[in-house]
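Trainee: Structure file entry.txt (compact mmCIF, C-alpha atoms) right here:
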```txt
# COMPACT_ATOMS: atom_id res chain seq x y z
CA MET A 1 60.55 103.96 120.73
CA GLU A 2 61.75 101.45 123.33
CA LEU A 3 62.89 97.95 122.42
CA THR A 4 62.84 95.37 125.21
CA ILE A 5 64.58 92.01 125.06
CA LEU A 6 63.25 89.54 127.63
CA GLY A 7 65.70 86.72 128.29
CA GLY A 8 64.99 83.10 127.48
CA ILE A 9 67.29 80.07 127.58
CA ASP A 10 70.81 79.32 126.38
CA LYS A 11 72.05 76.31 124.42
CA ARG A 12 72.00 74.16 127.57
CA GLY A 13 68.37 75.01 128.29
CA MET A 14 69.34 77.15 131.29
CA ASN A 15 67.81 80.58 131.94
CA GLU A 16 69.92 83.45 130.61
CA PRO A 17 71.71 85.45 133.33
CA VAL A 18 70.53 88.70 131.70
CA GLU A 19 66.78 88.74 132.15
CA GLN A 20 65.90 92.04 130.45
CA ILE A 21 67.51 94.74 128.31
CA ASP A 22 65.78 98.00 127.36
CA LEU A 23 67.04 99.95 124.32
CA ARG A 24 65.92 103.46 123.38
CA SER A 25 65.87 105.61 120.26
CA GLY A 26 69.27 106.96 119.25
CA GLU A 27 71.17 104.33 121.22
CA VAL A 28 73.92 102.15 119.76
CA VAL A 29 74.31 98.77 121.46
CA GLY A 30 76.94 96.17 120.60
CA ILE A 31 76.62 92.39 120.67
CA VAL A 32 79.96 90.67 121.27
CA GLY A 33 81.22 87.17 121.90
CA PRO A 34 83.20 84.39 120.22
CA THR A 35 82.02 82.62 117.09
CA GLY A 36 79.13 80.30 117.95
CA SER A 37 78.20 82.18 121.12
CA GLY A 38 74.70 83.08 119.89
CA LYS A 39 75.11 86.59 118.49
CA THR A 40 73.30 85.86 115.22
CA THR A 41 70.50 84.06 117.06
CA LEU A 42 69.94 87.15 119.20
CA ILE A 43 69.62 89.53 116.25
CA ASN A 44 67.39 87.00 114.49
CA ASP A 45 65.11 87.07 117.53
CA ILE A 46 64.97 90.87 117.30
CA GLU A 47 64.41 90.83 113.54
CA GLN A 48 61.55 88.32 113.92
CA LEU A 49 60.11 90.16 116.95
CA SER A 50 60.01 86.81 118.70
CA ILE A 51 57.24 86.02 121.16
CA GLY A 52 58.86 83.01 122.80
CA ASP A 53 58.50 80.97 119.62
CA SER A 54 62.20 80.75 118.69
CA PRO A 55 64.74 78.19 120.03
CA SER A 56 65.93 80.74 122.60
CA CYS A 57 62.37 81.37 123.87
CA ARG A 58 63.17 85.10 124.09
CA ARG A 59 60.43 87.71 123.79
CA ILE A 60 60.84 91.04 122.04
CA LEU A 61 58.61 93.96 123.02
CA LEU A 62 58.18 97.37 121.38
CA ASP A 63 57.08 100.09 123.79
CA GLY A 64 56.19 97.30 126.21
CA GLN A 65 53.92 95.47 123.79
CA VAL A 66 54.11 92.14 121.97
CA GLN A 67 53.75 92.76 118.23
CA ASP A 68 50.89 91.38 116.17
CA HIS A 69 51.11 89.18 113.07
CA ARG A 70 51.00 92.21 110.75
CA SER A 71 54.03 93.88 112.32
CA ARG A 72 55.97 90.62 112.47
CA ASN A 73 55.36 89.33 108.97
CA ASP A 74 54.39 92.17 106.64
CA PRO A 75 57.60 93.77 105.25
CA ARG A 76 55.73 97.06 104.71
CA ASN A 77 54.94 97.31 108.43
CA LYS A 78 57.95 95.65 109.99
CA PRO A 79 59.80 98.13 112.27
CA VAL A 80 63.16 96.39 111.84
CA ALA A 81 65.73 96.81 109.05
CA GLN A 82 68.86 94.68 108.76
CA LEU A 83 72.22 95.47 107.20
CA SER A 84 74.43 92.40 106.78
CA GLN A 85 77.93 91.84 105.41
CA ASN A 86 76.48 89.80 102.52
CA MET A 87 74.05 91.89 100.50
CA HIS A 88 73.44 91.92 96.75
CA PHE A 89 70.57 93.14 94.60
CA LEU A 90 68.61 90.85 92.29
CA ALA A 91 66.51 93.48 90.48
CA ASP A 92 68.21 94.93 87.40
CA MET A 93 67.12 98.56 87.72
CA GLN A 94 68.97 101.83 88.07
CA VAL A 95 69.91 103.16 91.52
CA GLY A 96 67.80 106.29 91.08
CA GLU A 97 64.78 104.26 89.98
CA PHE A 98 65.14 101.92 92.97
CA LEU A 99 65.39 104.80 95.46
CA ARG A 100 62.41 106.61 93.94
CA MET A 101 60.37 103.41 94.13
CA HIS A 102 61.31 102.96 97.79
CA ALA A 103 60.55 106.60 98.59
CA ARG A 104 57.15 106.27 96.90
CA SER A 105 56.33 103.12 98.90
CA ARG A 106 57.16 104.99 102.12
CA GLY A 107 55.21 108.10 101.17
CA LYS A 108 58.46 110.10 101.03
CA ASP A 109 59.47 112.88 98.64
CA PHE A 110 61.78 112.09 95.70
CA SER A 111 63.97 115.01 96.83
CA LEU A 112 65.56 112.58 99.34
CA VAL A 113 67.16 110.53 96.56
CA PRO A 114 70.25 112.73 95.92
CA GLY A 115 70.97 112.79 99.65
CA VAL A 116 70.91 109.00 99.82
CA ILE A 117 73.40 108.72 96.96
CA GLU A 118 75.63 111.41 98.48
CA ALA A 119 75.59 109.64 101.86
CA ALA A 120 76.33 106.27 100.24
CA ASN A 121 79.36 107.74 98.51
CA LEU A 122 80.80 108.77 101.88
CA LEU A 123 80.86 105.09 102.82
CA THR A 124 82.38 103.51 99.72
CA GLY A 125 85.53 104.16 97.71
CA GLU A 126 84.04 103.74 94.22
CA ALA A 127 81.34 106.34 93.56
CA ILE A 128 77.73 105.36 92.93
CA SER A 129 75.57 107.36 90.51
CA ARG A 130 71.81 107.34 90.04
CA ASP A 131 72.33 105.76 86.59
CA CYS A 132 74.27 102.75 87.92
CA HIS A 133 72.45 99.43 87.67
CA LEU A 134 71.92 97.65 90.99
CA THR A 135 73.26 94.34 89.70
CA ALA A 136 76.51 96.05 88.65
CA LEU A 137 77.26 97.31 92.15
CA SER A 138 79.98 95.63 94.18
CA GLY A 139 79.21 94.14 97.57
CA GLY A 140 80.63 97.20 99.33
CA GLN A 141 78.68 99.60 97.13
CA SER A 142 75.47 97.64 97.74
CA ARG A 143 75.92 97.78 101.50
CA ALA A 144 76.81 101.49 101.38
CA LEU A 145 73.66 102.21 99.37
CA MET A 146 71.46 100.22 101.73
CA ALA A 147 72.97 101.86 104.82
CA ALA A 148 72.19 105.30 103.38
CA ASP A 149 68.74 104.17 102.25
CA ILE A 150 67.90 102.81 105.71
CA ALA A 151 69.10 106.01 107.40
CA ILE A 152 67.30 108.48 105.11
CA ILE A 153 64.29 106.84 103.47
CA SER A 154 63.36 103.85 105.64
CA ASP A 155 60.83 104.34 108.45
CA SER A 156 62.22 101.39 110.39
CA PRO A 157 63.10 102.65 113.89
CA ILE A 158 65.34 99.65 114.61
CA VAL A 159 68.46 98.75 112.60
CA LEU A 160 70.41 95.52 113.00
CA ILE A 161 74.00 95.54 111.69
CA ASP A 162 75.84 92.25 111.26
CA GLU A 163 79.66 92.46 111.15
CA ILE A 164 80.02 95.46 108.83
CA GLU A 165 83.75 95.53 109.61
CA ASN A 166 83.99 92.94 106.82
CA ALA A 167 81.59 94.72 104.46
CA GLY A 168 84.09 96.91 102.60
CA ILE A 169 82.58 100.25 103.71
CA ASN A 170 83.63 103.03 106.09
CA LYS A 171 82.28 101.48 109.28
CA GLN A 172 82.61 104.60 111.45
CA GLU A 173 80.68 106.77 109.00
CA ALA A 174 78.03 104.06 108.55
CA LEU A 175 77.44 103.88 112.29
CA ARG A 176 77.31 107.69 112.62
CA LEU A 177 74.87 107.93 109.74
CA LEU A 178 72.47 105.32 111.14
CA ALA A 179 72.67 106.39 114.78
CA GLY A 180 72.33 110.06 113.82
CA SER A 181 68.91 109.37 112.33
CA GLY A 182 67.56 108.60 115.81
CA LYS A 183 67.14 104.86 115.30
CA ILE A 184 67.94 102.08 117.75
CA VAL A 185 71.11 100.52 116.31
CA VAL A 186 72.21 97.02 117.33
CA VAL A 187 75.69 96.04 116.09
CA VAL A 188 77.03 92.48 116.01
CA THR A 189 80.79 92.80 115.84
CA HIS A 190 84.22 91.31 116.49
CA ASP A 191 85.82 94.72 115.85
CA PRO A 192 87.16 96.49 118.98
CA LEU A 193 86.44 99.96 117.57
CA LEU A 194 82.80 99.22 116.73
CA ALA A 195 82.33 97.52 120.10
CA LEU A 196 83.67 100.58 121.92
CA LEU A 197 81.57 103.00 119.84
CA ALA A 198 78.50 101.39 121.46
CA SER A 199 77.29 102.76 124.78
CA ARG A 200 76.65 99.21 126.02
CA ARG A 201 77.79 95.73 125.01
CA VAL A 202 75.75 92.55 125.37
CA VAL A 203 78.25 89.76 126.02
CA MET A 204 77.16 86.40 124.58
CA SER A 205 78.31 82.91 125.61
CA GLU A 206 76.91 79.43 124.99
CA GLY A 207 73.87 80.90 123.29
CA GLY A 208 72.91 83.15 126.18
CA MET A 209 73.16 86.81 127.21
CA ARG A 210 75.77 86.62 129.98
CA GLN A 211 76.46 90.26 130.79
CA VAL A 212 75.74 93.84 129.79
CA ALA A 213 78.95 95.90 129.92
CA LEU A 214 78.68 99.69 130.16
CA ARG A 215 81.31 101.71 128.29
CA THR A 216 83.77 103.33 130.71
CA GLU A 217 85.46 106.75 130.45
CA GLU A 218 88.78 105.01 129.81
CA GLU A 219 87.18 103.07 126.96
CA VAL A 220 85.89 106.33 125.46
CA ARG A 221 89.45 107.68 125.42
CA LEU A 222 90.73 104.42 123.93
CA CYS A 223 87.97 104.56 121.32
CA ASP A 224 89.18 107.99 120.20
CA ARG A 225 92.69 106.59 119.68
CA LEU A 226 91.38 103.56 117.79
CA ALA A 227 89.23 105.81 115.59
CA LYS A 228 92.30 107.80 114.53
CA ILE A 229 94.17 104.60 113.74
CA ASP A 230 91.20 103.34 111.74
CA GLU A 231 91.02 106.58 109.76
CA TRP A 232 94.75 106.28 108.99
CA LEU A 233 94.23 102.71 107.80
CA ILE A 234 91.37 103.83 105.53
CA THR A 235 93.63 106.52 104.02
CA LEU A 236 96.41 103.97 103.57
CA ARG A 237 94.01 101.51 101.92
CA GLU A 238 92.76 104.12 99.46
CA THR A 239 96.32 105.18 98.59
CA ILE A 240 97.26 101.59 97.79
CA ARG A 241 94.04 101.02 95.84
CA ASP A 242 94.76 104.09 93.71
CA GLY A 243 98.24 102.80 92.87
CA GLY A 244 100.09 105.17 95.17
CA LEU A 245 103.19 104.40 97.18
CA VAL A 246 103.33 104.55 100.96
CA SER A 247 106.11 105.13 103.42
CA SER A 248 106.59 104.90 107.17
CA GLU A 249 107.21 108.66 107.42
```
Take the structure from the file and write it as structure tokens.

Mentor:
Amino acid sequence: MELTILGGIDKRGMNEPVEQIDLRSGEVVGIVGPTGSGKTTLINDIEQLSIGDSPSCRRILLDGQVQDHRSRNDPRNKPVAQLSQNMHFLADMQVGEFLRMHARSRGKDFSLVPGVIEAANLLTGEAISRDCHLTALSGGQSRALMAADIAIISDSPIVLIDEIENAGINKQEALRLLAGSGKIVVVVTHDPLLALLASRRVVMSEGGMRQVALRTEEEVRLCDRLAKIDEWLITLRETIRDGGLVSSE
């Protein structure tokens, strides 16, 4: 699948400098910029498959086509899934029951359920079991479960991720899991590591797409160093959470 973003206007009503961006299956693209620069508005345009009817006047195309009312408004047919930093379940059912229900609605086999739970437990410190109730899950557990569910059960070819660096899950593993499933992954982030894991970065300012920055070879090397530091910080965090003592050695 190809996702095309056709530029509209910024907060001043001026045409965006970036007129068109084409994203393809398996690609990870970052959206960066200061608070208030328009990052959330951009992913909202993608999530709504806008046809020039949002404040930005952007248009979103899939495989070169404007989407019809059914694709834009029917959750069962919408090709976009979103993973945000604030996500909690309202339904009081068990994890296994929820995943089986989702698999059934997608025409998928129930054999996928254990894999979803296993993948979710790679992303969160406190293990999730199929017997856990959704309403008893922490925010981090909920986001880990949904990331795994989107990657393994969901048919949505486009995934929008909003600032998962603050979501209490292993952000590197979450990105690998989602991108590895061949989806188009769009990441809104202030985190340098997540920004550099993306092959391209859309730079936002004053509500508009100002620039598309391609990742350089030097940034790839820097990303490897940052990833090792991030893994060390995760290990340090888990040691402290488990009551262990740390040293500078």

Trainee: Can you list, as a PDB file with C-alpha atoms, in the coordinates of the input, every protein, DNA or RNA residue that comes within 9 Å of Glu126 in chain A when you count only C-alpha atoms, leaving out same-chain residues fewer than 5 positions away?

Mentor:
```pdb
ATOM      1  CA  ASN A 121      79.360 107.740  98.510  1.00  0.00           C
ATOM      2  CA  GLY A 140      80.630  97.200  99.330  1.00  0.00           C
ATOM      3  CA  GLN A 141      78.680  99.600  97.130  1.00  0.00           C
TER       4      GLN A 141
END
```

Trainee: List every residue of range 111-215 of chain A that has an atom at most 9 Å from any atom of range 11-30 of chain A, giving for each one its closest atom pair and the distance in Å to one decimal, counting all atoms listed in the file, sorted by chain and then by ascending residue number, as JSON lines.

Mentor:
```
{"residue": "A:Pro157", "atom": "CA", "partner": "A:Ser25", "partner_atom": "CA", "distance": 7.6}
{"residue": "A:Ile158", "atom": "CA", "partner": "A:Ser25", "partner_atom": "CA", "distance": 8.2}
{"residue": "A:Leu175", "atom": "CA", "partner": "A:Val28", "partner_atom": "CA", "distance": 8.4}
{"residue": "A:Leu178", "atom": "CA", "partner": "A:Gly26", "partner_atom": "CA", "distance": 8.9}
{"residue": "A:Ala179", "atom": "CA", "partner": "A:Gly26", "partner_atom": "CA", "distance": 5.6}
{"residue": "A:Gly180", "atom": "CA", "partner": "A:Gly26", "partner_atom": "CA", "distance": 7.0}
{"residue": "A:Ser181", "atom": "CA", "partner": "A:Gly26", "partner_atom": "CA", "distance": 7.3}
{"residue": "A:Gly182", "atom": "CA", "partner": "A:Gly26", "partner_atom": "CA", "distance": 4.2}
{"residue": "A:Lys183", "atom": "CA", "partner": "A:Gly26", "partner_atom": "CA", "distance": 5.0}
{"residue": "A:Ile184", "atom": "CA", "partner": "A:Ser25", "partner_atom": "CA", "distance": 4.8}
{"residue": "A:Val185", "atom": "CA", "partner": "A:Val28", "partner_atom": "CA", "distance": 4.7}
{"residue": "A:Val186", "atom": "CA", "partner": "A:Val29", "partner_atom": "CA", "distance": 5.0}
{"residue": "A:Val187", "atom": "CA", "partner": "A:Gly30", "partner_atom": "CA", "distance": 4.7}
{"residue": "A:Val188", "atom": "CA", "partner": "A:Gly30", "partner_atom": "CA", "distance": 5.9}
{"residue": "A:Thr189", "atom": "CA", "partner": "A:Gly30", "partner_atom": "CA", "distance": 7.0}
{"residue": "A:Leu194", "atom": "CA", "partner": "A:Gly30", "partner_atom": "CA", "distance": 7.7}
{"residue": "A:Ala195", "atom": "CA", "partner": "A:Gly30", "partner_atom": "CA", "distance": 5.6}
{"residue": "A:Leu196", "atom": "CA", "partner": "A:Gly30", "partner_atom": "CA", "distance": 8.2}
{"residue": "A:Leu197", "atom": "CA", "partner": "A:Val28", "partner_atom": "CA", "distance": 7.7}
{"residue": "A:Ala198", "atom": "CA", "partner": "A:Val29", "partner_atom": "CA", "distance": 4.9}
{"residue": "A:Ser199", "atom": "CA", "partner": "A:Val29", "partner_atom": "CA", "distance": 6.0}
{"residue": "A:Arg200", "atom": "CA", "partner": "A:Val29", "partner_atom": "CA", "distance": 5.1}
{"residue": "A:Arg201", "atom": "CA", "partner": "A:Gly30", "partner_atom": "CA", "distance": 4.5}
{"residue": "A:Val202", "atom": "CA", "partner": "A:Gly30", "partner_atom": "CA", "distance": 6.1}
{"residue": "A:Val203", "atom": "CA", "partner": "A:Gly30", "partner_atom": "CA", "distance": 8.5}
{"residue": "A:Glu206", "atom": "CA", "partner": "A:Lys11", "partner_atom": "CA", "distance": 5.8}
{"residue": "A:Gly207", "atom": "CA", "partner": "A:Lys11", "partner_atom": "CA", "distance": 5.1}
{"residue": "A:Gly208", "atom": "CA", "partner": "A:Glu16", "partner_atom": "CA", "distance": 5.4}
{"residue": "A:Met209", "atom": "CA", "partner": "A:Val18", "partner_atom": "CA", "distance": 5.5}
{"residue": "A:Arg210", "atom": "CA", "partner": "A:Pro17", "partner_atom": "CA", "distance": 5.4}
{"residue": "A:Gln211", "atom": "CA", "partner": "A:Val18", "partner_atom": "CA", "distance": 6.2}
{"residue": "A:Val212", "atom": "CA", "partner": "A:Val18", "partner_atom": "CA", "distance": 7.6}
```

Trainee: Given the choices A:Asp92, A:Glu97, A:Glu173, A:Asp230, which gets closest to Ala148 in chain A if the distance is worked out from all atoms listed in the file?

Mentor: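 Checking each candidate against Ala148 in chain A, we get A:Glu173 as the closest.
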
Trainee: Show which residues sit within 12 Å of Ser54 in chain A, as a list of chain:residue names. Count all atoms listed in the file, and ignore same-chain residues fewer than 2 positions away.

Mentor: A:Gly7, A:Gly8, A:Ile9, A:Asp10, A:Thr41, A:Leu42, A:Ile43, A:Asn44, A:Asp45, A:Ile46, A:Glu47, A:Gln48, A:Leu49, A:Ser50, A:Ile51, A:Gly52, A:Ser56, A:Cys57, A:Arg58, A:Arg59, A:Ile60

Trainee: Kindly save the residues from that selection, with C-alpha atoms included, as a compact mmCIF listing (two decimals), in the frame of the given file.

Mentor:
```
# COMPACT_ATOMS: atom_id res chain seq x y z
CA GLY A 7 65.70 86.72 128.29
CA GLY A 8 64.99 83.10 127.48
CA ILE A 9 67.29 80.07 127.58
CA ASP A 10 70.81 79.32 126.38
CA THR A 41 70.50 84.06 117.06
CA LEU A 42 69.94 87.15 119.20
CA ILE A 43 69.62 89.53 116.25
CA ASN A 44 67.39 87.00 114.49
CA ASP A 45 65.11 87.07 117.53
CA ILE A 46 64.97 90.87 117.30
CA GLU A 47 64.41 90.83 113.54
CA GLN A 48 61.55 88.32 113.92
CA LEU A 49 60.11 90.16 116.95
CA SER A 50 60.01 86.81 118.70
CA ILE A 51 57.24 86.02 121.16
CA GLY A 52 58.86 83.01 122.80
CA SER A 56 65.93 80.74 122.60
CA CYS A 57 62.37 81.37 123.87
CA ARG A 58 63.17 85.10 124.09
CA ARG A 59 60.43 87.71 123.79
CA ILE A 60 60.84 91.04 122.04
```

Trainee: Separation of CA of Val116 in chain A and CA of Gln172 in chain A, in Å?

Mentor: 17.1 Å

Trainee: Can you tell me how far CA of Arg104 in chain A sits from CA of Glu2 in chain A, in Å to one decimal?

Mentor: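 Separation between CA of Arg104 in chain A and CA of Glu2 in chain A: 27.3 Å.
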
Trainee: What separation in Å, quoted to one decimal, exists between CA of Ile150 in chain A and CA of Gly96 in chain A?

Mentor: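 Between CA of Ile150 in chain A and CA of Gly96 in chain A the gap works out to 15.0 Å.
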
Trainee: With a distance cut-off of 9 Å and all atoms listed in the file, select the neighbouring residues of Ser84 in chain A, excluding the residue or stretch itself and same-chain residues fewer than 5 positions from it, and output the selection as an MDAnalysis selection string.

Mentor: chainID A and resid 143 160:164 167

Trainee: Can you work out which one of A:Leu112, A:Leu145, A:Ile229, A:Ala103 has the shortest atom-to-atom distance to Leu193 in chain A, counting only C-alpha atoms?

Mentor: A:Ile229

Trainee: Of the candidates A:Thr4, A:Gly125, A:Ile153, A:Met93, which shows the shortest atom-to-atom distance to Ser105 in chain A, using all atoms listed in the file?

Mentor: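 Using all atoms listed in the file, Ser105 in chain A sits closest to A:Ile153.
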
Trainee: Writing C-alpha atoms and nothing else, produce range 69-133 of chain A as a PDB file, in the first residue's frame.

Mentor:
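What landed in selection.pdb:
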```
ATOM      1  CA  HIS A  69     -17.366   7.347   3.326  1.00  0.00           C
ATOM      2  CA  ARG A  70     -17.249   3.650   4.287  1.00  0.00           C
ATOM      3  CA  SER A  71     -13.461   3.557   4.607  1.00  0.00           C
ATOM      4  CA  ARG A  72     -13.357   6.871   6.458  1.00  0.00           C
ATOM      5  CA  ASN A  73     -16.097   6.283   9.002  1.00  0.00           C
ATOM      6  CA  ASP A  74     -16.720   2.563   9.480  1.00  0.00           C
ATOM      7  CA  PRO A  75     -14.272   1.236  12.133  1.00  0.00           C
ATOM      8  CA  ARG A  76     -14.495  -2.254  10.604  1.00  0.00           C
ATOM      9  CA  ASN A  77     -13.169  -0.977   7.273  1.00  0.00           C
ATOM     10  CA  LYS A  78     -10.867   1.817   8.363  1.00  0.00           C
ATOM     11  CA  PRO A  79      -7.272   1.090   7.232  1.00  0.00           C
ATOM     12  CA  VAL A  80      -5.711   3.130  10.047  1.00  0.00           C
ATOM     13  CA  ALA A  81      -4.951   2.062  13.632  1.00  0.00           C
ATOM     14  CA  GLN A  82      -3.675   4.440  16.291  1.00  0.00           C
ATOM     15  CA  LEU A  83      -1.551   3.782  19.366  1.00  0.00           C
ATOM     16  CA  SER A  84      -1.441   6.726  21.771  1.00  0.00           C
ATOM     17  CA  GLN A  85       0.280   7.349  25.091  1.00  0.00           C
ATOM     18  CA  ASN A  86      -3.120   7.507  26.831  1.00  0.00           C
ATOM     19  CA  MET A  87      -5.015   4.257  26.349  1.00  0.00           C
ATOM     20  CA  HIS A  88      -7.297   2.419  28.768  1.00  0.00           C
ATOM     21  CA  PHE A  89      -9.972  -0.228  28.304  1.00  0.00           C
ATOM     22  CA  LEU A  90     -13.585   0.305  29.352  1.00  0.00           C
ATOM     23  CA  ALA A  91     -14.895  -3.240  28.779  1.00  0.00           C
ATOM     24  CA  ASP A  92     -14.481  -5.518  31.801  1.00  0.00           C
ATOM     25  CA  MET A  93     -13.547  -8.752  30.034  1.00  0.00           C
ATOM     26  CA  GLN A  94     -10.541 -11.040  30.156  1.00  0.00           C
ATOM     27  CA  VAL A  95      -7.569 -10.435  27.851  1.00  0.00           C
ATOM     28  CA  GLY A  96      -7.992 -13.801  26.135  1.00  0.00           C
ATOM     29  CA  GLU A  97     -11.702 -13.184  25.554  1.00  0.00           C
ATOM     30  CA  PHE A  98     -11.000  -9.734  24.088  1.00  0.00           C
ATOM     31  CA  LEU A  99      -8.331 -11.054  21.715  1.00  0.00           C
ATOM     32  CA  ARG A 100     -10.519 -13.953  20.573  1.00  0.00           C
ATOM     33  CA  MET A 101     -13.372 -11.527  19.908  1.00  0.00           C
ATOM     34  CA  HIS A 102     -11.070  -9.291  17.868  1.00  0.00           C
ATOM     35  CA  ALA A 103      -9.653 -12.252  15.944  1.00  0.00           C
ATOM     36  CA  ARG A 104     -13.190 -13.456  15.167  1.00  0.00           C
ATOM     37  CA  SER A 105     -14.217 -10.003  13.904  1.00  0.00           C
ATOM     38  CA  ARG A 106     -11.194  -9.984  11.572  1.00  0.00           C
ATOM     39  CA  GLY A 107     -11.757 -13.534  10.347  1.00  0.00           C
ATOM     40  CA  LYS A 108      -8.496 -14.632  11.998  1.00  0.00           C
ATOM     41  CA  ASP A 109      -7.683 -17.897  13.766  1.00  0.00           C
ATOM     42  CA  PHE A 110      -7.717 -18.040  17.580  1.00  0.00           C
ATOM     43  CA  SER A 111      -4.236 -19.592  17.415  1.00  0.00           C
ATOM     44  CA  LEU A 112      -2.877 -16.019  17.090  1.00  0.00           C
ATOM     45  CA  VAL A 113      -3.937 -15.144  20.643  1.00  0.00           C
ATOM     46  CA  PRO A 114      -0.949 -16.685  22.532  1.00  0.00           C
ATOM     47  CA  GLY A 115       1.442 -14.902  20.168  1.00  0.00           C
ATOM     48  CA  VAL A 116      -0.193 -11.556  20.895  1.00  0.00           C
ATOM     49  CA  ILE A 117       0.166 -12.058  24.649  1.00  0.00           C
ATOM     50  CA  GLU A 118       3.769 -13.228  24.264  1.00  0.00           C
ATOM     51  CA  ALA A 119       4.618 -10.181  22.124  1.00  0.00           C
ATOM     52  CA  ALA A 120       2.899  -7.831  24.589  1.00  0.00           C
ATOM     53  CA  ASN A 121       4.984  -9.236  27.423  1.00  0.00           C
ATOM     54  CA  LEU A 122       8.173  -8.301  25.554  1.00  0.00           C
ATOM     55  CA  LEU A 123       7.049  -4.674  25.749  1.00  0.00           C
ATOM     56  CA  THR A 124       5.990  -4.378  29.383  1.00  0.00           C
ATOM     57  CA  GLY A 125       7.666  -5.170  32.688  1.00  0.00           C
ATOM     58  CA  GLU A 126       4.657  -6.687  34.468  1.00  0.00           C
ATOM     59  CA  ALA A 127       3.445  -9.822  32.679  1.00  0.00           C
ATOM     60  CA  ILE A 128      -0.016 -10.029  31.131  1.00  0.00           C
ATOM     61  CA  SER A 129      -1.937 -13.318  31.135  1.00  0.00           C
ATOM     62  CA  ARG A 130      -5.022 -14.319  29.155  1.00  0.00           C
ATOM     63  CA  ASP A 131      -7.002 -14.383  32.430  1.00  0.00           C
ATOM     64  CA  CYS A 132      -6.219 -10.760  33.344  1.00  0.00           C
ATOM     65  CA  HIS A 133      -9.171  -8.389  33.176  1.00  0.00           C
TER      66      HIS A 133
END
```
